[in-house]
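> File follows, upload-v2.cif with mmCIF, C-alpha atoms and all ligand atoms:
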```
data_work
loop_
_atom_site.label_atom_id
_atom_site.label_comp_id
_atom_site.auth_asym_id
_atom_site.auth_seq_id
_atom_site.Cartn_x
_atom_site.Cartn_y
_atom_site.Cartn_z
CA MET A 1 9.70 -21.09 13.22
CA ARG A 2 6.65 -20.82 10.99
CA SER A 3 6.19 -18.55 8.01
CA ALA A 4 3.57 -18.33 5.26
CA VAL A 5 5.57 -18.34 2.02
CA LEU A 6 4.87 -18.15 -1.69
CA ARG A 7 5.85 -21.53 -3.14
CA ALA A 8 5.15 -22.28 -6.82
CA GLY A 9 2.41 -19.64 -6.98
CA GLN A 10 0.65 -20.80 -3.80
CA MET A 11 0.77 -19.50 -0.25
CA VAL A 12 1.77 -22.36 2.06
CA VAL A 13 2.98 -22.50 5.64
CA ALA A 14 6.61 -23.54 6.05
CA ASP A 15 7.26 -24.99 9.53
CA ASP A 16 11.00 -25.28 9.23
CA VAL A 17 12.21 -21.72 8.62
CA ALA A 18 15.50 -21.04 10.40
CA ASP A 19 15.08 -18.79 13.43
CA PRO A 20 16.47 -15.36 12.55
CA VAL A 21 19.33 -14.17 14.76
CA PRO A 22 19.96 -10.42 15.05
CA GLU A 23 23.41 -9.21 14.06
CA PHE A 24 24.89 -5.77 14.69
CA GLY A 25 22.36 -3.11 13.63
CA GLN A 26 19.45 -5.54 13.62
CA VAL A 27 16.43 -6.07 15.83
CA LEU A 28 14.60 -9.37 16.24
CA VAL A 29 10.85 -8.86 16.50
CA GLU A 30 7.76 -11.00 16.97
CA VAL A 31 5.16 -10.06 14.37
CA LYS A 32 1.86 -9.09 16.00
CA ALA A 33 -0.12 -7.98 12.94
CA CYS A 34 0.59 -7.79 9.22
CA GLY A 35 -1.75 -6.52 6.53
CA ILE A 36 -2.22 -8.43 3.30
CA CYS A 37 -1.50 -6.05 0.44
CA GLY A 38 -2.93 -6.09 -3.09
CA SER A 39 0.67 -6.09 -4.34
CA ASP A 40 1.15 -9.45 -2.65
CA LEU A 41 -1.89 -10.87 -4.45
CA HIS A 42 -0.47 -9.51 -7.72
CA PHE A 43 2.92 -10.97 -6.93
CA ALA A 44 1.47 -14.41 -6.15
CA LYS A 45 -0.34 -14.40 -9.51
CA HIS A 46 2.00 -12.38 -11.75
CA GLY A 47 5.33 -12.58 -9.92
CA SER A 48 7.23 -13.58 -13.05
CA THR A 49 5.88 -10.55 -14.95
CA MET A 50 6.93 -8.26 -12.11
CA VAL A 51 10.41 -9.78 -11.93
CA GLU A 52 10.75 -9.47 -15.73
CA LEU A 53 9.56 -5.83 -15.79
CA ILE A 54 11.98 -4.90 -13.02
CA ALA A 55 14.81 -6.62 -14.93
CA GLN A 56 14.05 -4.51 -18.02
CA MET A 57 13.67 -1.24 -16.12
CA ARG A 58 16.41 1.37 -16.36
CA GLY A 59 16.84 4.68 -14.57
CA THR A 60 16.65 3.45 -10.98
CA PRO A 61 19.79 3.36 -8.82
CA ASP A 62 21.35 -0.09 -8.67
CA LEU A 63 21.24 -0.79 -4.95
CA GLY A 64 22.47 -4.32 -5.38
CA VAL A 65 19.12 -5.69 -4.24
CA PRO A 66 19.14 -9.36 -5.24
CA ARG A 67 16.46 -10.37 -7.71
CA VAL A 68 13.72 -12.58 -6.32
CA ASP A 69 13.97 -16.20 -7.44
CA LEU A 70 10.44 -17.54 -7.91
CA SER A 71 11.65 -21.14 -8.02
CA ARG A 72 12.45 -20.80 -4.32
CA ASP A 73 10.19 -19.88 -1.39
CA VAL A 74 9.44 -16.14 -1.25
CA PHE A 75 8.85 -14.39 2.08
CA MET A 76 6.28 -11.59 1.95
CA GLY A 77 4.34 -9.28 4.27
CA HIS A 78 5.38 -5.61 4.36
CA GLU A 79 2.62 -3.96 6.45
CA PHE A 80 3.56 -5.06 9.94
CA ALA A 81 3.61 -4.11 13.59
CA ALA A 82 5.81 -6.22 15.85
CA GLU A 83 7.22 -6.49 19.34
CA VAL A 84 10.94 -6.25 20.00
CA LEU A 85 12.33 -9.54 21.32
CA ASP A 86 16.07 -9.06 21.08
CA VAL A 87 18.65 -6.65 19.76
CA GLY A 88 21.91 -7.42 17.94
CA PRO A 89 25.25 -6.97 19.76
CA GLY A 90 26.27 -3.34 20.20
CA THR A 91 23.04 -2.10 18.65
CA GLU A 92 20.95 0.81 19.86
CA ALA A 93 17.24 0.03 19.55
CA PRO A 94 13.98 0.14 21.50
CA ALA A 95 13.92 -2.19 24.49
CA PRO A 96 12.45 -5.70 24.30
CA GLY A 97 8.68 -5.56 24.69
CA THR A 98 8.34 -2.33 22.68
CA LEU A 99 5.78 -2.38 19.87
CA VAL A 100 7.39 -1.09 16.68
CA THR A 101 6.92 -0.78 12.95
CA SER A 102 9.31 -0.05 10.07
CA VAL A 103 9.52 0.51 6.37
CA PRO A 104 10.05 -2.93 4.80
CA ILE A 105 13.75 -2.48 4.11
CA MET A 106 16.80 -4.11 5.66
CA VAL A 107 19.99 -2.08 5.67
CA SER A 108 23.29 -3.62 6.61
CA ALA A 109 26.99 -3.10 6.05
CA THR A 110 26.72 -5.11 2.83
CA GLY A 111 23.85 -3.10 1.32
CA ILE A 112 20.09 -2.81 1.18
CA ALA A 113 17.64 -5.68 0.99
CA ASP A 114 13.93 -5.66 0.26
CA LEU A 115 11.72 -7.09 2.99
CA ALA A 116 8.61 -7.04 0.79
CA TYR A 117 9.67 -9.92 -1.48
CA SER A 118 12.68 -11.90 -0.35
CA ASN A 119 14.10 -15.39 -0.67
CA LEU A 120 16.36 -14.80 2.31
CA LEU A 121 14.72 -12.59 4.92
CA PRO A 122 11.50 -13.64 6.64
CA ALA A 123 8.94 -10.83 6.53
CA GLY A 124 5.55 -10.02 8.04
CA TYR A 125 3.84 -13.34 7.30
CA SER A 126 6.21 -14.99 9.77
CA GLU A 127 6.30 -15.56 13.50
CA ARG A 128 9.49 -13.54 13.79
CA MET A 129 11.60 -11.33 11.56
CA LEU A 130 14.62 -9.03 11.60
CA LEU A 131 14.39 -5.25 11.22
CA ALA A 132 17.07 -2.63 10.65
CA ALA A 133 17.57 -0.84 13.98
CA PRO A 134 17.94 2.69 12.46
CA LEU A 135 14.58 2.31 10.65
CA VAL A 136 12.57 0.98 13.59
CA LEU A 137 9.84 3.32 14.88
CA PRO A 138 8.27 2.76 18.31
CA VAL A 139 4.47 2.79 18.10
CA PRO A 140 3.31 5.75 20.24
CA ASN A 141 0.25 6.50 22.34
CA GLY A 142 -0.53 2.88 23.20
CA LEU A 143 -1.80 2.29 19.68
CA ASP A 144 -2.56 -1.40 19.19
CA ALA A 145 -0.66 -3.56 16.71
CA ARG A 146 -3.66 -4.09 14.43
CA ARG A 147 -4.06 -0.40 13.68
CA ALA A 148 -0.32 0.25 13.69
CA ALA A 149 -0.02 -2.31 10.88
CA LEU A 150 -2.00 0.10 8.68
CA THR A 151 0.88 2.62 8.81
CA GLU A 152 2.40 1.35 5.56
CA PRO A 153 -0.68 1.29 3.32
CA MET A 154 -1.83 4.67 4.67
CA ALA A 155 1.62 6.11 3.87
CA VAL A 156 1.03 5.16 0.22
CA GLY A 157 -2.07 7.37 0.15
CA LEU A 158 -0.28 10.19 1.94
CA HIS A 159 2.56 10.07 -0.59
CA ALA A 160 0.16 10.21 -3.56
CA VAL A 161 -1.56 13.22 -2.03
CA ASN A 162 1.81 14.92 -1.40
CA ARG A 163 2.86 14.23 -5.00
CA SER A 164 -0.28 15.97 -6.22
CA ALA A 165 0.51 19.10 -4.17
CA ILE A 166 -3.24 19.44 -3.68
CA ALA A 167 -4.28 22.25 -1.32
CA PRO A 168 -7.45 23.35 0.45
CA GLY A 169 -9.69 25.10 -2.08
CA GLU A 170 -9.05 22.36 -4.61
CA GLY A 171 -11.16 19.23 -4.96
CA ALA A 172 -10.50 15.58 -5.69
CA VAL A 173 -11.98 12.70 -7.61
CA VAL A 174 -10.85 9.28 -6.39
CA LEU A 175 -11.32 6.45 -8.86
CA GLY A 176 -11.44 3.17 -6.95
CA CYS A 177 -12.06 2.67 -3.23
CA GLY A 178 -9.87 -0.34 -2.52
CA PRO A 179 -7.17 0.00 0.16
CA VAL A 180 -5.16 2.47 -1.96
CA GLY A 181 -8.15 4.68 -2.80
CA ILE A 182 -9.24 4.62 0.84
CA ALA A 183 -5.74 5.66 1.97
CA VAL A 184 -5.85 8.54 -0.54
CA ILE A 185 -9.26 9.63 0.77
CA ALA A 186 -7.99 9.58 4.37
CA ALA A 187 -4.98 11.74 3.43
CA LEU A 188 -7.19 14.17 1.49
CA VAL A 189 -9.50 14.56 4.47
CA GLN A 190 -6.51 15.39 6.68
CA ARG A 191 -5.36 17.94 4.11
CA GLY A 192 -8.73 19.69 4.26
CA VAL A 193 -9.61 19.01 0.62
CA GLU A 194 -13.27 19.43 -0.24
CA PRO A 195 -15.19 18.01 -1.95
CA ILE A 196 -13.81 14.53 -2.33
CA VAL A 197 -15.88 12.63 -4.90
CA ALA A 198 -15.15 8.89 -4.98
CA ALA A 199 -16.35 6.08 -7.21
CA ASP A 200 -16.38 2.29 -7.00
CA PHE A 201 -18.53 -0.61 -8.24
CA SER A 202 -18.64 -2.32 -4.83
CA PRO A 203 -21.28 -1.22 -2.28
CA MET A 204 -19.01 -2.28 0.58
CA ARG A 205 -16.14 -0.17 -0.73
CA ARG A 206 -18.44 2.79 -1.35
CA SER A 207 -19.74 2.69 2.19
CA LEU A 208 -16.18 2.49 3.54
CA ALA A 209 -15.24 5.52 1.40
CA SER A 210 -18.06 7.50 3.06
CA THR A 211 -17.01 6.32 6.51
CA MET A 212 -13.43 7.46 5.82
CA GLY A 213 -14.62 10.94 4.84
CA ALA A 214 -15.41 11.07 1.09
CA HIS A 215 -18.10 13.72 0.63
CA HIS A 216 -19.87 12.17 -2.35
CA VAL A 217 -19.57 8.54 -3.38
CA VAL A 218 -20.97 7.27 -6.65
CA ASP A 219 -21.72 3.81 -7.95
CA ALA A 220 -19.33 3.53 -10.89
CA GLY A 221 -21.81 1.22 -12.60
CA GLN A 222 -24.66 3.73 -12.39
CA GLU A 223 -23.27 7.22 -12.51
CA ASP A 224 -20.36 8.98 -14.21
CA VAL A 225 -18.04 10.24 -11.50
CA PHE A 226 -17.12 13.32 -13.55
CA ASP A 227 -20.82 14.24 -13.82
CA ALA A 228 -20.93 13.98 -10.04
CA TRP A 229 -17.81 16.16 -9.85
CA ALA A 230 -19.47 18.80 -12.07
CA THR A 231 -22.43 18.86 -9.68
CA HIS A 232 -20.49 18.95 -6.41
CA GLY A 233 -17.11 20.39 -7.34
CA GLY A 234 -18.17 23.16 -9.69
CA SER A 235 -15.26 25.11 -11.15
CA ARG A 236 -12.72 24.30 -8.43
CA PRO A 237 -9.32 23.01 -9.61
CA LEU A 238 -9.44 19.23 -9.67
CA VAL A 239 -6.97 16.45 -8.92
CA VAL A 240 -8.00 13.00 -10.11
CA PHE A 241 -6.50 10.05 -8.23
CA GLU A 242 -6.48 6.85 -10.28
CA ALA A 243 -6.48 4.05 -7.68
CA VAL A 244 -7.88 1.21 -9.78
CA GLY A 245 -4.88 0.00 -11.77
CA VAL A 246 -6.89 -1.55 -14.60
CA PRO A 247 -6.27 -0.79 -18.30
CA GLY A 248 -8.46 2.02 -19.64
CA VAL A 249 -8.95 3.94 -16.41
CA ILE A 250 -6.24 6.53 -17.09
CA ASP A 251 -7.67 7.13 -20.55
CA SER A 252 -11.18 7.55 -19.18
CA ALA A 253 -9.81 10.23 -16.85
CA PHE A 254 -8.05 11.94 -19.79
CA ARG A 255 -11.32 11.99 -21.73
CA ALA A 256 -13.59 13.26 -18.96
CA ALA A 257 -11.50 15.39 -16.57
CA PRO A 258 -11.93 19.16 -16.84
CA SER A 259 -9.22 21.27 -18.51
CA LYS A 260 -6.02 21.83 -16.49
CA SER A 261 -6.81 18.97 -14.07
CA ARG A 262 -3.96 16.99 -12.54
CA VAL A 263 -4.15 13.21 -12.78
CA VAL A 264 -2.21 11.21 -10.19
CA VAL A 265 -1.80 7.53 -11.04
CA VAL A 266 -1.34 5.45 -7.90
CA GLY A 267 -3.10 2.23 -8.98
CA VAL A 268 -0.54 -0.28 -10.23
CA CYS A 269 -1.51 -1.67 -13.64
CA MET A 270 0.72 -4.64 -14.49
CA GLY A 271 -0.08 -4.92 -18.17
CA GLY A 272 0.24 -2.45 -21.01
CA ASP A 273 -2.30 0.35 -21.26
CA THR A 274 -3.35 2.74 -23.99
CA VAL A 275 -4.04 6.45 -23.64
CA THR A 276 -5.27 9.11 -26.05
CA PRO A 277 -2.73 11.94 -25.81
CA PHE A 278 -5.07 14.25 -27.76
CA TRP A 279 -7.39 14.60 -24.77
CA ALA A 280 -4.56 15.27 -22.33
CA ILE A 281 -2.86 17.74 -24.67
CA THR A 282 -5.87 19.80 -25.66
CA LYS A 283 -6.93 20.13 -22.01
CA GLU A 284 -3.34 20.58 -20.77
CA LEU A 285 -3.73 17.88 -18.15
CA SER A 286 -0.79 17.19 -15.84
CA VAL A 287 -0.04 13.58 -15.08
CA HIS A 288 1.94 12.33 -12.11
CA PHE A 289 2.75 8.79 -11.09
CA ALA A 290 3.10 8.00 -7.40
CA PHE A 291 4.68 4.98 -5.76
CA GLY A 292 5.58 4.10 -2.20
CA TYR A 293 6.52 6.82 0.28
CA ASP A 294 9.56 8.32 1.95
CA LEU A 295 10.66 7.84 5.56
CA ASP A 296 9.04 11.11 6.72
CA GLU A 297 5.73 10.15 5.15
CA PHE A 298 5.90 6.73 6.81
CA ALA A 299 6.52 8.36 10.20
CA GLY A 300 3.79 10.92 9.52
CA SER A 301 1.36 8.13 8.69
CA LEU A 302 2.10 6.37 12.00
CA ARG A 303 1.68 9.67 13.88
CA ALA A 304 -1.66 10.42 12.23
CA ILE A 305 -3.03 7.00 13.18
CA ALA A 306 -1.62 7.09 16.72
CA GLU A 307 -2.92 10.60 17.38
CA GLY A 308 -6.37 9.68 16.13
CA ALA A 309 -6.31 12.00 13.11
CA VAL A 310 -7.11 8.95 10.97
CA ASP A 311 -9.26 6.12 12.26
CA VAL A 312 -8.19 3.03 10.33
CA ALA A 313 -10.31 0.57 12.34
CA PRO A 314 -13.15 0.47 9.74
CA MET A 315 -10.64 -0.66 7.10
CA ILE A 316 -9.85 -3.88 8.99
CA THR A 317 -12.39 -6.34 7.67
CA GLY A 318 -10.79 -9.65 8.56
CA GLU A 319 -8.18 -11.38 10.68
CA VAL A 320 -6.46 -14.70 10.13
CA GLY A 321 -3.52 -16.67 11.54
CA LEU A 322 -0.61 -17.91 9.42
CA ASP A 323 -2.67 -20.96 8.43
CA GLY A 324 -5.36 -18.67 7.07
CA VAL A 325 -3.12 -16.66 4.72
CA ALA A 326 -3.81 -18.81 1.64
CA GLY A 327 -7.56 -18.54 2.22
CA ALA A 328 -7.32 -14.80 2.80
CA PHE A 329 -5.50 -14.39 -0.53
CA GLU A 330 -8.49 -16.16 -2.14
CA ASP A 331 -11.02 -14.01 -0.27
CA LEU A 332 -9.29 -10.77 -1.26
CA GLY A 333 -9.87 -11.68 -4.89
CA GLN A 334 -13.53 -10.85 -4.14
CA PRO A 335 -13.45 -7.16 -3.24
CA GLU A 336 -17.06 -7.20 -2.04
CA GLN A 337 -16.31 -8.39 1.47
CA HIS A 338 -12.93 -6.99 2.32
CA CYS A 339 -10.68 -3.99 2.53
CA LYS A 340 -7.74 -5.11 4.69
CA ILE A 341 -7.24 -8.59 6.14
CA LEU A 342 -4.65 -8.77 8.91
CA VAL A 343 -2.51 -11.74 9.73
CA THR A 344 -2.36 -11.66 13.52
CA ALA A 345 -0.41 -13.62 16.10
ZN ZN B 401 1.44 -2.71 0.46
#
```
Translate the structure of the given file into structure tokens.

Amino acid sequence: MRSAVLRAGQMVVADDVADPVPEFGQVLVEVKACGICGSDLHFAKHGSTMVELIAQMRGTPDLGVPRVDLSRDVFMGHEFAAEVLDVGPGTEAPAPGTLVTSVPIMVSATGIADLAYSNLLPAGYSERMLLAAPLVLPVPNGLDARRAALTEPMAVGLHAVNRSAIAPGEGAVVLGCGPVGIAVIAALVQRGVEPIVAADFSPMRRSLASTMGAHHVVDAGQEDVFDAWATHGGSRPLVVFEAVGVPGVIDSAFRAAPSKSRVVVVGVCMGGDTVTPFWAITKELSVHFAFGYDLDEFAGSLRAIAEGAVDVAPMITGEVGLDGVAGAFEDLGQPEQHCKILVTA
């Protein structure tokens, strides 16, 4: 079968990937739609840094997940919706023909494997892939595969909002309106947070932020977002969501956020960054970091999309086939035109 893989830093289509065969506890699916994630662009460019940082990291449980070998093809694509084709022997799973999604994790008797970056397991940029039967969620309400594929990135925003423990009566500033910032805005709207003041340099991203429910959107090149917050938010408690992931942004929030604000960092900055503790200390800022989501949040994200609480359609700005993945990776380097490009079958 065919799969778009990362080979020597480039996305190429491999025509000769072995057809996956479902074993006990596994489901074989045909991928219908898979979103291209900013993390995948990062990984294509800075994969070796990511692998090195993970190797140095302590304090996470050792799940025996094999380290990705960048000298071999890497399968990627972790924001997928797919149709069940076949089920492993003795396995309970949705019937063939059912549209499903899943967190990008494979569980088996031998341990846990990552479906986001793998040398072994084909993922969402493939014609077909294997999923872990216990993690498979049927897509409800006749929701189409394109929108169902947004479940994963929207869960990231939901998780960041949950981490902040923000409640109605409090307001939010969202720095950066790329896919992560947009997912945060959507989750804040659902939570009833008002006002949501968002900032980005890109006109396209700003207009999408408004469409998704941000109350005030400022041009980061023209106006200070914390001035806008002072105008629109007044003295409400504030949570700042950092969804840019570029050095200096956290420090700018430390400098400008009102006393007692919470800062939630959800943008992934790969390099080192410098902050000025003095600002955070004297204003008693609280800082949280948010990453990923749990299974309940993933399911909640799917439910919100399927029930129409969140309309993700405006986020889908492009569609390509497997042959178009390399070009889409290029296009997503220019944030002016795109939010989410889907790889569709
Ligand atoms: Zn992602």
> Just to confirm, what's the straight-line distance from CA of Ser48 (chain A) to CA of Val68 (chain A) in Å (one decimal)?
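For CA of Ser48 (chain A) relative to CA of Val68 (chain A), the distance reads 9.4 Å.
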> Identify, on the basis of only C-alpha atoms, every residue whose closest approach to Met212 (chain A) does not exceed 7 Å; exclude the query and any residue fewer than 2 positions from it along the same chain; express the result as a list in words.
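The residues that qualify are Ile185, Ala186, Leu208, Ala209, Ser210 and Ala214 of chain A.
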> With all atoms listed in the file as the counted atoms, please give the residues lying no more than 9 Å from Phe80 (chain A), apart from itself and same-chain residues fewer than 2 positions off, as a PyMOL selection string.
chain A and resi 31-35+77-78+82+100-104+123-125+145-146+148-152
> Calculated over only C-alpha atoms, which of the candidates A:Ala167, A:Ala55, A:Val320, A:Ala109 has the smallest distance to Val343 (chain A)?
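Smallest separation from Val343 (chain A) among the options: A:Val320.
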> From the list A:Phe75, A:Tyr293, A:Phe24, A:Phe226, which residue is nearest ligand ZN 401 (chain B) when using all atoms listed in the file?
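Nearest to ligand ZN 401 (chain B): A:Tyr293.
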> Would you mind listing what lies within 12 Å of Gly327 (chain A) as a list in words, with only C-alpha atoms counted and same-chain residues fewer than 3 positions away left out?
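Surrounding residues, per the criterion: Ala4, Gln10, Met11, Val12, Val13, Ile36, Leu41, Gly318, Glu319, Val320, Gly321, Leu322, Asp323, Gly324, Glu330, Asp331, Leu332, Gly333, Gln334, Ile341 and Val343 of chain A.
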> Residues of chain A that have any atom at most 6 Å from an atom of ligand ZN 401 (chain B): could you tabulate them with the shortest-distance atom pair and the distance in Å to one decimal, using all atoms listed in the file, ordered by chain and increasing number, as a tab-separated table?

```
residue	atom	partner	partner_atom	distance
A:Cys37	CA	B:ZN401	ZN	4.4
A:Ser39	CA	B:ZN401	ZN	5.9
A:Pro153	CA	B:ZN401	ZN	5.4
```
> With only C-alpha atoms as the atoms that count, which of A:Val268, A:Ile250, A:Val21, A:Cys177 lies nearest to Thr211 (chain A)?
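For Thr211 (chain A), the nearest of the given residues is A:Cys177.
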> Given the choices A:Val84, A:Met204, A:Leu6, A:Ala160, which gets closest to Val263 (chain A) if the distance is worked out from only C-alpha atoms?
A:Ala160
> In Å, how far is it from CA of Phe43 (chain A) to CA of Asp19 (chain A)?
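One can read the CA of Phe43 (chain A) to CA of Asp19 (chain A) distance as 25.0 Å.
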> Nearest residue to Asp219 (chain A) out of A:Asp86, A:Asp311, A:Glu170, A:Asp200, using only C-alpha atoms?
A:Asp200
> Find the spatial neighbours of Pro179 (chain A), counting all atoms listed in the file, within a cut-off of 8 Å - ignore same-chain residues fewer than 3 positions away - and output them as a list of chain:residue names.
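Once the nearby chain positions are removed, what remains is A:Pro153, A:Ile182, A:Ala183, A:Met315, A:Cys339, A:Lys340.
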> With C-alpha atoms retained, could you export that selection as a PDB file, in the coordinates of the input?

```pdb
ATOM      1  CA  PRO A 153      -0.680   1.290   3.320  1.00  0.00           C
ATOM      2  CA  ILE A 182      -9.240   4.620   0.840  1.00  0.00           C
ATOM      3  CA  ALA A 183      -5.740   5.660   1.970  1.00  0.00           C
ATOM      4  CA  MET A 315     -10.640  -0.660   7.100  1.00  0.00           C
ATOM      5  CA  CYS A 339     -10.680  -3.990   2.530  1.00  0.00           C
ATOM      6  CA  LYS A 340      -7.740  -5.110   4.690  1.00  0.00           C
TER       7      LYS A 340
END
```
> For Val5 (chain A), which residue out of A:Ala345, A:Val107, A:Val218, A:Ala326 is the nearest one, using all atoms listed in the file?
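Closest candidate: A:Ala326.
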> To one decimal in Å, tell me the separation between CA of Ser259 (chain A) and CA of Arg236 (chain A).
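It comes out at 11.1 Å.
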> Name the residues within 12 Å of (-2.6, 21.5, -3.7), counting only C-alpha atoms in the file's coordinates, and put them as a list in words.
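Residues with an atom at most 12 Å from (-2.6, 21.5, -3.7): Ala160, Val161, Asn162, Arg163, Ser164, Ala165, Ile166, Ala167, Pro168, Gly169, Glu170, Gly171, Ala172, Leu188, Arg191, Gly192, Val193, Glu194, Arg236, Pro237, Leu238, Val239, Val240, Ser261 and Arg262 of chain A.
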> Using all atoms listed in the file, list the residues that have an atom at most 9 Å from (-3.2, 11.5, -22.7), coordinates as in the file, as a count of residues only.
15
> As a count of residues only, please: the residues near Met129 (chain A) (cut-off 6 Å, only C-alpha atoms, same-chain neighbours under 6 positions excluded).
4
